[in-house]
Amino acid sequence: MTKGRKQSADAAKVSNPYTPMRSAIGAPITANTDSAWMNIIKTSPTAADGIFITYVSCKNEGAYVAPMKKHVKDNPLVAASEWNIQGVFDRVENQIPLTVSPKRTYAWDCFATVGSEADTPDAIGAHITREFNKYAKENPNEFKFPQKYRFRSGDNASKRFPVNHFISNEDALAVMKTDLSEKNEHKDIAACNATVKAYFGEDEDGLSSFYALSEDEWKE
C-alpha cells in the first residue's frame with residue numbers, strides 16, 4: 001500500500017495540529033504511567049473485519065518509529081510476513097493529521113494490519129511489540145539510545161470505529177483495496193452498505209471517494 005499524502009483542507013484552519021477540532025469520541029490516547037522512556041504500543045480493531053491499527057506513544061506523545069517505518073516501506077513483503085504490518089500511515093482525527101506533540105510537527109505514524117476475523121487486537125499488538133523489541137535490539141545504531149516496547153491493551157480494544165477514524169479517507173481506501181479488491185468487484189462491494197461504512201462511516205467525502213471508482217480504478 002502506498003501512503004496517502006493528501007491532507008484535509010480543514011488542516012489549514014487549525015493553529016495547533018496536535019489538538020484539532022475534537023470529535024465526540026477523541027483519539028485513543030491514554031496516560032502513560034510507565035517508565036519515562038518506555039514506548040507503549042496499542043492496537044485497535046476497526047469496524048472492518050480483520051483490519052487493525054497500531055500506534056506507539058512515549059511520554060504521552062508520538063514515539064520515534066522512523067526506523068520501523070523505513071523497514072516497512074523498504075521491505076514490504078518481509079514486514080507483512082514477519083511483522084504482520086501491511087502499511088504505514090499518518091494518524092488523523094476528524095481527517096486532520098495528528099503530529100507527535102504540540103512542539104514537534106512530525107506526523108504521528110500508525111501501522112495497518114490486514115489480518116483475519118479470527119485475529120484479535122491483543123494478539124496483533126503483542127506480536128508487533130515482540131518484533132519491534134527484536135528489531136531495536138538488533139539495530140541499535142538506528143536509535144539515539146536503547147529502545148524498549150511494551151504492549152498495552154488499548155482503551156478501544158472492544159470498540160470498533162470505521163477505518164477512517166484512524167487514518168485519512170485516501171489511506172482508508174488504499175487499505176480497503178488491499179483487503180478486498182483482489183477477490184471482489186467494485187459493484188459487489190458498493191452494494192454492501194455495511195462493508196463500505198466499515199471503512200468510511202458516515203463521512204461523505206470518504207464514501208464518495210469509493211463510489212466514484214471505476215472497476216479498473218478499483219483493481220489498480
# chains A, B, ... in the order shown; residues from 1 in each chain; ligands from 1
>>> select_by_dssp(residues="range 116-191 of chain A", states="strand (DSSP E or B)", output="list of chain:residue names")
A:Tyr149, A:Arg150, A:Phe151, A:Phe161
>>> atom_distance(atom1="CA of Glu185 in chain A", atom2="CA of Glu215 in chain A")
6.9 Å
>>> closest_residue(among="A:Leu98, A:Ile41, A:Ala136, A:Ala107", to="Met68 in chain A", atoms="only C-alpha atoms")
A:Ala136
>>> residues_around(residues="Ile40 in chain A", least_positions_apart="2", cutoff="9 Å", atoms="only C-alpha atoms", output="ChimeraX atom specification")
/A:32,34,38,42,55-59,63,129,148-152
>>> write_last_selection(atoms="C-alpha atoms", output="PDB file, in the first residue's frame")
ATOM      1  CA  ASN A  32       1.458   6.648  30.067  1.00  0.00           C
ATOM      2  CA  ASP A  34       5.316   3.554  32.774  1.00  0.00           C
ATOM      3  CA  MET A  38       9.109   3.262  27.668  1.00  0.00           C
ATOM      4  CA  LYS A  42      -1.592  -0.097  21.422  1.00  0.00           C
ATOM      5  CA  TYR A  55       0.368   3.204  17.102  1.00  0.00           C
ATOM      6  CA  VAL A  56       3.212   3.876  19.530  1.00  0.00           C
ATOM      7  CA  SER A  57       3.437   6.541  22.234  1.00  0.00           C
ATOM      8  CA  CYS A  58       6.139   7.655  24.640  1.00  0.00           C
ATOM      9  CA  LYS A  59       5.682  10.174  27.449  1.00  0.00           C
ATOM     10  CA  ALA A  63       7.084   7.736  19.761  1.00  0.00           C
ATOM     11  CA  THR A 129       5.687  -5.466  20.228  1.00  0.00           C
ATOM     12  CA  LYS A 148      12.096  -0.887  24.725  1.00  0.00           C
ATOM     13  CA  TYR A 149       8.489  -1.515  23.772  1.00  0.00           C
ATOM     14  CA  ARG A 150       5.620  -2.672  25.919  1.00  0.00           C
ATOM     15  CA  PHE A 151       2.193  -3.683  24.696  1.00  0.00           C
ATOM     16  CA  ARG A 152      -0.824  -2.304  26.482  1.00  0.00           C
TER      17      ARG A 152
END
>>> residues_around(residues="Lys134 in chain A", least_positions_apart="3", cutoff="12 Å", atoms="only C-alpha atoms", output="list in words")
Met68, Glu82, Trp83, His127, Ile128, Thr129, Arg130, Glu131, Lys137, Glu138, Asn139, Pro140, Pro146, Gln147, Lys148 and Tyr149 of chain A
>>> write_last_selection(atoms="C-alpha atoms", output="PDB file, in the first residue's frame")
ATOM      1  CA  MET A  68      10.434   0.712  11.692  1.00  0.00           C
ATOM      2  CA  GLU A  82       7.162 -11.275   9.851  1.00  0.00           C
ATOM      3  CA  TRP A  83       5.624  -8.205  11.480  1.00  0.00           C
ATOM      4  CA  HIS A 127       3.245  -9.739  18.131  1.00  0.00           C
ATOM      5  CA  ILE A 128       4.237  -6.300  16.814  1.00  0.00           C
ATOM      6  CA  THR A 129       5.687  -5.466  20.228  1.00  0.00           C
ATOM      7  CA  ARG A 130       7.912  -8.545  20.147  1.00  0.00           C
ATOM      8  CA  GLU A 131       9.081  -7.725  16.623  1.00  0.00           C
ATOM      9  CA  LYS A 137      17.940  -4.782  19.833  1.00  0.00           C
ATOM     10  CA  GLU A 138      19.412  -5.948  16.515  1.00  0.00           C
ATOM     11  CA  ASN A 139      19.713  -2.418  15.066  1.00  0.00           C
ATOM     12  CA  PRO A 140      20.926  -0.213  17.948  1.00  0.00           C
ATOM     13  CA  PRO A 146      18.302   1.729  23.604  1.00  0.00           C
ATOM     14  CA  GLN A 147      14.602   1.325  22.949  1.00  0.00           C
ATOM     15  CA  LYS A 148      12.096  -0.887  24.725  1.00  0.00           C
ATOM     16  CA  TYR A 149       8.489  -1.515  23.772  1.00  0.00           C
TER      17      TYR A 149
END
>>> residues_around(residues="Pro45 in chain A", least_positions_apart="5", cutoff="7 Å", atoms="only C-alpha atoms", output="list in words")
Ile51, Phe52, Ile53, Pro121, Ala157 and Arg160 of chain A
>>> residues_around(residues="range 202-204 of chain A", least_positions_apart="6", cutoff="10 Å", atoms="only C-alpha atoms", output="list in words")
Asn94, Gln95, Pro162, Asn164, His165, Asn169 and Val196 of chain A
